[in-house]
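*Asks:* The following file, work-v6.csv, comprises CSV, N, CA and C atoms and all ligand atoms:
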chain,number,residue,atom,x,y,z
A,22,MET,N,-6.6,-82.1,20.5
A,22,MET,CA,-6.0,-82.0,21.9
A,22,MET,C,-4.5,-81.7,21.8
A,23,GLU,N,-4.1,-80.8,22.6
A,23,GLU,CA,-2.7,-80.4,22.6
A,23,GLU,C,-1.9,-81.5,23.2
A,24,ALA,N,-0.7,-81.7,22.6
A,24,ALA,CA,0.2,-82.7,23.1
A,24,ALA,C,0.8,-82.3,24.4
A,25,ILE,N,0.9,-83.3,25.3
A,25,ILE,CA,1.5,-83.0,26.6
A,25,ILE,C,3.0,-83.3,26.4
A,26,THR,N,3.8,-82.3,26.7
A,26,THR,CA,5.3,-82.5,26.5
A,26,THR,C,6.0,-82.5,27.9
A,27,PRO,N,7.1,-83.2,28.0
A,27,PRO,CA,7.8,-83.1,29.2
A,27,PRO,C,8.5,-81.8,29.4
A,28,THR,N,8.5,-81.2,30.6
A,28,THR,CA,9.2,-80.0,30.9
A,28,THR,C,10.5,-80.3,31.7
A,29,THR,N,10.5,-81.5,32.3
A,29,THR,CA,11.6,-81.9,33.0
A,29,THR,C,11.8,-83.4,32.7
A,30,LEU,N,13.0,-83.8,32.4
A,30,LEU,CA,13.3,-85.2,32.1
A,30,LEU,C,14.7,-85.4,32.6
A,31,HIS,N,14.8,-85.8,33.8
A,31,HIS,CA,16.1,-85.9,34.5
A,31,HIS,C,16.4,-87.3,35.0
A,32,LEU,N,17.3,-88.0,34.3
A,32,LEU,CA,17.7,-89.3,34.7
A,32,LEU,C,18.7,-89.3,35.8
A,33,LYS,N,18.3,-89.8,37.0
A,33,LYS,CA,19.3,-89.9,38.1
A,33,LYS,C,19.7,-91.4,38.1
A,34,LYS,N,20.9,-91.6,37.7
A,34,LYS,CA,21.3,-93.0,37.3
A,34,LYS,C,21.2,-94.0,38.4
A,35,ALA,N,21.2,-93.7,39.6
A,35,ALA,CA,21.1,-94.7,40.7
A,35,ALA,C,19.7,-94.6,41.4
A,36,GLU,N,18.9,-93.7,40.9
A,36,GLU,CA,17.6,-93.5,41.6
A,36,GLU,C,16.4,-93.7,40.7
A,37,GLY,N,16.3,-92.8,39.8
A,37,GLY,CA,15.1,-92.9,39.0
A,37,GLY,C,15.0,-91.8,38.0
A,38,LEU,N,13.9,-91.7,37.4
A,38,LEU,CA,13.7,-90.7,36.4
A,38,LEU,C,12.7,-89.6,36.9
A,39,GLU,N,13.2,-88.4,37.0
A,39,GLU,CA,12.4,-87.3,37.5
A,39,GLU,C,11.7,-86.7,36.3
A,40,LEU,N,10.4,-86.6,36.4
A,40,LEU,CA,9.6,-86.1,35.3
A,40,LEU,C,8.7,-85.0,35.7
A,41,ALA,N,8.5,-84.0,34.8
A,41,ALA,CA,7.4,-83.1,34.9
A,41,ALA,C,6.9,-82.8,33.5
A,42,PHE,N,5.6,-82.6,33.4
A,42,PHE,CA,4.9,-82.5,32.1
A,42,PHE,C,4.2,-81.1,32.1
A,43,SER,N,3.9,-80.7,30.8
A,43,SER,CA,3.4,-79.4,30.6
A,43,SER,C,2.0,-79.2,31.2
A,44,ASP,N,1.3,-80.3,31.6
A,44,ASP,CA,0.0,-80.2,32.3
A,44,ASP,C,0.2,-80.1,33.8
A,45,GLY,N,1.4,-80.1,34.3
A,45,GLY,CA,1.7,-80.0,35.7
A,45,GLY,C,1.9,-81.4,36.4
A,46,THR,N,1.7,-82.5,35.7
A,46,THR,CA,2.0,-83.8,36.3
A,46,THR,C,3.5,-83.9,36.6
A,47,GLU,N,3.8,-84.4,37.8
A,47,GLU,CA,5.2,-84.6,38.2
A,47,GLU,C,5.3,-86.0,38.7
A,48,ALA,N,6.4,-86.7,38.5
A,48,ALA,CA,6.6,-88.0,39.1
A,48,ALA,C,8.1,-88.3,39.2
A,49,MET,N,8.4,-89.2,40.1
A,49,MET,CA,9.8,-89.7,40.2
A,49,MET,C,9.6,-91.2,40.1
A,50,LEU,N,10.0,-91.7,38.9
A,50,LEU,CA,9.8,-93.1,38.6
A,50,LEU,C,11.1,-93.8,39.0
A,51,PRO,N,11.0,-94.7,40.0
A,51,PRO,CA,12.2,-95.5,40.4
A,51,PRO,C,12.7,-96.3,39.2
A,52,LEU,N,14.0,-96.5,39.2
A,52,LEU,CA,14.6,-97.2,38.0
A,52,LEU,C,14.0,-98.6,37.9
A,53,ARG,N,13.7,-99.3,39.0
A,53,ARG,CA,13.2,-100.6,38.9
A,53,ARG,C,11.8,-100.6,38.2
A,54,TYR,N,11.0,-99.6,38.5
A,54,TYR,CA,9.7,-99.5,37.9
A,54,TYR,C,9.9,-99.2,36.4
A,55,LEU,N,10.8,-98.3,36.1
A,55,LEU,CA,11.0,-98.0,34.7
A,55,LEU,C,11.5,-99.2,33.9
A,56,ARG,N,12.4,-100.0,34.5
A,56,ARG,CA,13.0,-101.1,33.9
A,56,ARG,C,11.9,-102.2,33.7
A,57,LYS,N,11.1,-102.4,34.7
A,57,LYS,CA,10.1,-103.4,34.7
A,57,LYS,C,9.1,-103.2,33.5
A,58,TYR,N,8.8,-101.9,33.3
A,58,TYR,CA,7.8,-101.6,32.3
A,58,TYR,C,8.5,-101.1,31.0
A,59,CYS,N,9.7,-101.6,30.8
A,59,CYS,CA,10.3,-101.4,29.5
A,59,CYS,C,9.4,-101.8,28.4
A,60,PRO,N,9.1,-100.9,27.4
A,60,PRO,CA,8.1,-101.1,26.4
A,60,PRO,C,8.5,-101.9,25.2
A,61,CYS,N,9.8,-102.4,25.2
A,61,CYS,CA,10.2,-103.1,24.0
A,61,CYS,C,9.5,-104.5,23.8
A,62,ALA,N,9.6,-105.0,22.6
A,62,ALA,CA,8.9,-106.2,22.3
A,62,ALA,C,9.4,-107.4,23.1
A,63,GLY,N,10.7,-107.4,23.4
A,63,GLY,CA,11.3,-108.5,24.1
A,63,GLY,C,10.8,-108.5,25.5
A,64,CYS,N,10.5,-107.4,26.1
A,64,CYS,CA,10.0,-107.4,27.5
A,64,CYS,C,8.5,-107.6,27.6
A,65,GLN,N,7.8,-107.0,26.7
A,65,GLN,CA,6.3,-106.9,26.8
A,65,GLN,C,5.7,-107.9,25.9
A,66,GLY,N,6.4,-108.6,25.0
A,66,GLY,CA,5.8,-109.5,24.1
A,66,GLY,C,5.3,-108.8,22.8
A,67,GLU,N,5.5,-109.4,21.7
A,67,GLU,CA,5.0,-108.8,20.4
A,67,GLU,C,3.5,-108.9,20.4
A,68,ARG,N,2.8,-107.9,19.8
A,68,ARG,CA,1.4,-108.0,19.6
A,68,ARG,C,1.1,-108.4,18.2
A,69,ASP,N,0.3,-109.4,18.0
A,69,ASP,CA,0.0,-109.8,16.6
A,69,ASP,C,-1.1,-108.8,16.0
A,70,LEU,N,-1.5,-109.1,14.8
A,70,LEU,CA,-2.4,-108.2,14.1
A,70,LEU,C,-3.8,-108.0,14.8
A,71,LEU,N,-4.1,-109.0,15.6
A,71,LEU,CA,-5.4,-108.9,16.3
A,71,LEU,C,-5.2,-108.3,17.7
A,72,GLY,N,-4.0,-107.9,18.0
A,72,GLY,CA,-3.8,-107.2,19.3
A,72,GLY,C,-3.5,-108.2,20.4
A,73,ARG,N,-3.4,-109.5,20.1
A,73,ARG,CA,-3.1,-110.4,21.1
A,73,ARG,C,-1.6,-110.4,21.4
A,74,THR,N,-1.2,-110.5,22.6
A,74,THR,CA,0.2,-110.4,23.0
A,74,THR,C,0.8,-111.8,23.0
A,75,GLN,N,1.8,-111.9,22.2
A,75,GLN,CA,2.6,-113.2,22.2
A,75,GLN,C,3.5,-113.3,23.4
A,76,LEU,N,3.8,-114.5,23.8
A,76,LEU,CA,4.7,-114.6,24.9
A,76,LEU,C,6.1,-114.0,24.5
A,77,PRO,N,6.8,-113.3,25.4
A,77,PRO,CA,8.1,-112.9,25.0
A,77,PRO,C,9.0,-114.1,24.7
A,78,ILE,N,9.8,-113.9,23.7
A,78,ILE,CA,10.8,-115.0,23.3
A,78,ILE,C,11.8,-115.1,24.4
A,79,VAL,N,12.3,-114.1,24.8
A,79,VAL,CA,13.3,-114.1,25.9
A,79,VAL,C,12.7,-113.3,27.1
A,80,SER,N,12.7,-114.0,28.2
A,80,SER,CA,12.3,-113.3,29.4
A,80,SER,C,13.4,-112.3,29.9
A,81,THR,N,13.1,-111.1,29.7
A,81,THR,CA,14.1,-110.1,30.1
A,81,THR,C,13.7,-109.3,31.4
A,82,HIS,N,12.6,-109.8,32.0
A,82,HIS,CA,12.2,-109.1,33.2
A,82,HIS,C,13.3,-109.3,34.2
A,83,TYR,N,13.7,-108.3,34.8
A,83,TYR,CA,14.9,-108.3,35.6
A,83,TYR,C,14.5,-107.7,37.0
A,84,ASP,N,14.6,-108.4,38.0
A,84,ASP,CA,14.0,-107.9,39.3
A,84,ASP,C,15.1,-107.5,40.3
A,85,GLY,N,16.4,-107.8,39.9
A,85,GLY,CA,17.4,-107.4,40.8
A,85,GLY,C,17.7,-105.9,40.8
A,86,PRO,N,18.8,-105.5,41.5
A,86,PRO,CA,19.2,-104.1,41.5
A,86,PRO,C,19.6,-103.8,40.1
A,87,VAL,N,19.2,-102.7,39.6
A,87,VAL,CA,19.6,-102.3,38.2
A,87,VAL,C,19.8,-100.8,38.3
A,88,THR,N,20.8,-100.3,37.5
A,88,THR,CA,21.0,-98.9,37.4
A,88,THR,C,21.0,-98.5,36.0
A,89,ALA,N,20.8,-97.3,35.7
A,89,ALA,CA,20.9,-96.8,34.4
A,89,ALA,C,22.2,-96.2,34.1
A,90,LEU,N,22.8,-96.6,33.0
A,90,LEU,CA,24.1,-96.1,32.6
A,90,LEU,C,24.0,-94.7,31.9
A,91,SER,N,23.0,-94.6,31.1
A,91,SER,CA,22.8,-93.3,30.4
A,91,SER,C,21.4,-93.3,29.8
A,92,GLY,N,21.0,-92.1,29.5
A,92,GLY,CA,19.7,-91.9,28.8
A,92,GLY,C,20.0,-90.9,27.7
A,93,GLU,N,19.3,-91.1,26.6
A,93,GLU,CA,19.4,-90.2,25.5
A,93,GLU,C,18.1,-89.9,24.9
A,94,LEU,N,17.9,-88.8,24.3
A,94,LEU,CA,16.7,-88.4,23.6
A,94,LEU,C,16.7,-89.1,22.3
A,95,VAL,N,15.5,-89.5,21.9
A,95,VAL,CA,15.3,-90.1,20.5
A,95,VAL,C,14.4,-89.1,19.8
A,96,GLY,N,14.9,-88.4,18.9
A,96,GLY,CA,14.2,-87.4,18.2
A,96,GLY,C,13.6,-86.4,19.2
A,97,ASN,N,12.4,-86.0,19.0
A,97,ASN,CA,11.8,-85.1,20.0
A,97,ASN,C,10.5,-85.7,20.6
A,98,TYR,N,10.5,-87.1,20.6
A,98,TYR,CA,9.3,-87.7,21.1
A,98,TYR,C,9.6,-88.8,22.1
A,99,ALA,N,10.8,-89.2,22.4
A,99,ALA,CA,11.1,-90.3,23.2
A,99,ALA,C,12.4,-90.3,23.9
A,100,MET,N,12.7,-91.2,24.8
A,100,MET,CA,13.9,-91.3,25.4
A,100,MET,C,14.3,-92.8,25.5
A,101,ARG,N,15.6,-93.0,25.3
A,101,ARG,CA,16.1,-94.4,25.4
A,101,ARG,C,17.0,-94.5,26.6
A,102,VAL,N,16.9,-95.6,27.3
A,102,VAL,CA,17.7,-95.8,28.5
A,102,VAL,C,18.7,-97.0,28.3
A,103,VAL,N,19.9,-96.8,28.6
A,103,VAL,CA,20.9,-97.9,28.6
A,103,VAL,C,21.0,-98.4,30.0
A,104,TRP,N,20.7,-99.7,30.2
A,104,TRP,CA,20.7,-100.2,31.6
A,104,TRP,C,22.0,-101.0,31.9
A,105,SER,N,22.2,-101.1,33.2
A,105,SER,CA,23.4,-101.8,33.7
A,105,SER,C,23.4,-103.3,33.4
A,106,ASP,N,22.2,-103.8,33.1
A,106,ASP,CA,22.1,-105.3,32.7
A,106,ASP,C,22.3,-105.5,31.2
A,107,GLY,N,22.7,-104.4,30.5
A,107,GLY,CA,23.0,-104.5,29.1
A,107,GLY,C,21.8,-104.3,28.2
A,108,HIS,N,20.6,-104.0,28.7
A,108,HIS,CA,19.4,-103.9,27.9
A,108,HIS,C,19.3,-102.4,27.4
A,109,VAL,N,19.2,-102.3,26.1
A,109,VAL,CA,19.1,-101.0,25.5
A,109,VAL,C,17.9,-100.8,24.5
A,110,ALA,N,17.1,-101.9,24.4
A,110,ALA,CA,16.1,-101.9,23.3
A,110,ALA,C,14.9,-101.0,23.6
A,111,GLY,N,14.7,-100.6,24.9
A,111,GLY,CA,13.5,-99.9,25.2
A,111,GLY,C,13.5,-98.4,24.9
A,112,ILE,N,12.5,-98.0,24.1
A,112,ILE,CA,12.4,-96.6,23.8
A,112,ILE,C,11.1,-96.1,24.4
A,113,TYR,N,11.2,-95.2,25.4
A,113,TYR,CA,10.1,-94.7,26.2
A,113,TYR,C,9.6,-93.5,25.5
A,114,THR,N,8.5,-93.6,24.8
A,114,THR,CA,7.9,-92.3,24.2
A,114,THR,C,7.4,-91.4,25.4
A,115,PHE,N,7.4,-90.2,25.1
A,115,PHE,CA,6.9,-89.2,26.1
A,115,PHE,C,5.5,-89.6,26.5
A,116,ALA,N,4.6,-90.0,25.6
A,116,ALA,CA,3.3,-90.4,25.9
A,116,ALA,C,3.3,-91.6,26.9
A,117,TYR,N,4.2,-92.5,26.6
A,117,TYR,CA,4.3,-93.7,27.5
A,117,TYR,C,4.8,-93.3,28.9
A,118,LEU,N,5.8,-92.4,28.9
A,118,LEU,CA,6.3,-91.9,30.2
A,118,LEU,C,5.2,-91.2,31.0
A,119,TYR,N,4.4,-90.5,30.3
A,119,TYR,CA,3.3,-89.8,30.9
A,119,TYR,C,2.3,-90.7,31.5
A,120,GLU,N,2.0,-91.8,30.8
A,120,GLU,CA,1.1,-92.8,31.3
A,120,GLU,C,1.7,-93.5,32.5
A,121,LEU,N,3.0,-93.8,32.4
A,121,LEU,CA,3.7,-94.4,33.6
A,121,LEU,C,3.6,-93.5,34.8
A,122,ALA,N,3.9,-92.2,34.6
A,122,ALA,CA,3.9,-91.3,35.7
A,122,ALA,C,2.6,-91.2,36.3
A,123,GLN,N,1.5,-91.1,35.5
A,123,GLN,CA,0.2,-91.0,36.1
A,123,GLN,C,-0.2,-92.3,36.9
A,124,GLN,N,0.1,-93.4,36.4
A,124,GLN,CA,-0.2,-94.7,37.0
A,124,GLN,C,0.6,-94.8,38.3
A,125,HIS,N,1.9,-94.5,38.2
A,125,HIS,CA,2.8,-94.6,39.4
A,125,HIS,C,2.2,-93.7,40.5
A,126,ASN,N,1.8,-92.5,40.1
A,126,ASN,CA,1.3,-91.5,41.1
A,126,ASN,C,0.0,-92.0,41.8
A,127,ARG,N,-0.7,-92.8,41.0
A,127,ARG,CA,-2.0,-93.4,41.6
A,127,ARG,C,-1.7,-94.7,42.4
A,128,GLY,N,-0.4,-95.1,42.4
A,128,GLY,CA,0.0,-96.3,43.1
A,128,GLY,C,-0.4,-97.6,42.3
A,129,GLU,N,-0.6,-97.4,41.0
A,129,GLU,CA,-0.9,-98.6,40.2
A,129,GLU,C,0.2,-99.0,39.3
A,130,ALA,N,0.1,-100.3,38.9
A,130,ALA,CA,1.0,-100.7,37.9
A,130,ALA,C,0.3,-100.6,36.6
A,131,PRO,N,1.0,-100.2,35.5
A,131,PRO,CA,0.4,-100.1,34.2
A,131,PRO,C,-0.3,-101.4,33.8
A,132,ALA,N,-1.4,-101.3,33.1
A,132,ALA,CA,-2.1,-102.5,32.6
A,132,ALA,C,-1.4,-103.0,31.4
A,133,ARG,N,-0.6,-104.1,31.6
A,133,ARG,CA,0.2,-104.6,30.5
A,133,ARG,C,0.2,-106.1,30.6
A,201,ZN,ZN,12.9,-104.2,27.0
For the structure just supplied, provide its representation as structure tokens.

*Replies:*
Amino acid sequence: MEAITPTTLHLKKAEGLELAFSDGTEAMLPLRYLRKYCPCAGCQGERDLLGRTQLPIVSTHYDGPVTALSGELVGNYAMRVVWSDGHVAGIYTFAYLYELAQQHNRGEAPAR
């Protein structure tokens, strides 16, 4: 299967992340949505060897207004976002962003 790559990756710091992918999928993920589904272990909980999710050690779910200070590419496979609440651990792989974009477009929350 051919890898789906982003053709547009535009972080609007007070609005959201504008995305387009090579298969034609487009989405505008609001910052709040992006922040809520931060993929880092602290936000989503570590998975043990059996795939069970441990409770997060620190609850970093943040529901208030949040803005992105900056976004940077990580290699050629992911993007890291620096948030106004000081959180920097989340690395959004392109595959994960694609998943978020699709689920957001369907009006669903990712199953996490
Ligand atoms: Zn996080």

*Asks:* Choose the residue, out of A:Ala48, A:Ala99, A:Ala35, A:Cys59, that has the smallest atom-to-atom separation from ligand ZN 201 (chain A); count all atoms listed in the file.

*Replies:*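 Among the listed residues, the smallest separation from ligand ZN 201 (chain A) belongs to A:Cys59.
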
*Asks:* Find the residues near ligand ZN 201 (chain A). Use a cut-off of 6.5 Å, count only N, CA and C atoms and all ligand atoms, and write them as a VMD selection string.

*Replies:* chain A and resid 59 to 65 110 to 111

*Asks:* Have a look at A:Ala122, A:Val102, A:Leu30, A:Val95 and name the one nearest to Glu47 of chain A; count only N, CA and C atoms.

*Replies:* A:Ala122

*Asks:* Take atom CA of Pro51 of chain A and atom CA of Thr88 of chain A and report the distance between them in Å, one decimal.

*Replies:*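 That distance, rounded to one decimal, is 9.9 Å.
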
*Asks:* Write out as a VMD selection string the residues lying within 8 Å of Phe115 of chain A, counting all atoms listed in the file and excluding same-chain residues fewer than 4 positions away.

*Replies:* chain A and resid 25 to 27 97 to 100 119 to 121

*Asks:* Take the residues from that selection and write them out as a short mmCIF file (atom, residue, chain, number, x, y, z; two decimals), in the coordinates of the input, keeping N, CA and C atoms.

*Replies:*
data_model
loop_
_atom_site.label_atom_id
_atom_site.label_comp_id
_atom_site.auth_asym_id
_atom_site.auth_seq_id
_atom_site.Cartn_x
_atom_site.Cartn_y
_atom_site.Cartn_z
N ILE A 25 0.90 -83.30 25.30
CA ILE A 25 1.50 -83.00 26.60
C ILE A 25 3.00 -83.30 26.40
N THR A 26 3.80 -82.30 26.70
CA THR A 26 5.30 -82.50 26.50
C THR A 26 6.00 -82.50 27.90
N PRO A 27 7.10 -83.20 28.00
CA PRO A 27 7.80 -83.10 29.20
C PRO A 27 8.50 -81.80 29.40
N ASN A 97 12.40 -86.00 19.00
CA ASN A 97 11.80 -85.10 20.00
C ASN A 97 10.50 -85.70 20.60
N TYR A 98 10.50 -87.10 20.60
CA TYR A 98 9.30 -87.70 21.10
C TYR A 98 9.60 -88.80 22.10
N ALA A 99 10.80 -89.20 22.40
CA ALA A 99 11.10 -90.30 23.20
C ALA A 99 12.40 -90.30 23.90
N MET A 100 12.70 -91.20 24.80
CA MET A 100 13.90 -91.30 25.40
C MET A 100 14.30 -92.80 25.50
N TYR A 119 4.40 -90.50 30.30
CA TYR A 119 3.30 -89.80 30.90
C TYR A 119 2.30 -90.70 31.50
N GLU A 120 2.00 -91.80 30.80
CA GLU A 120 1.10 -92.80 31.30
C GLU A 120 1.70 -93.50 32.50
N LEU A 121 3.00 -93.80 32.40
CA LEU A 121 3.70 -94.40 33.60
C LEU A 121 3.60 -93.50 34.80
#

*Asks:* Hey, can you check how far atom N of Trp104 of chain A sits from atom N of Thr46 of chain A?

*Replies:*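 One can read the atom N of Trp104 of chain A to atom N of Thr46 of chain A distance as 26.2 Å.
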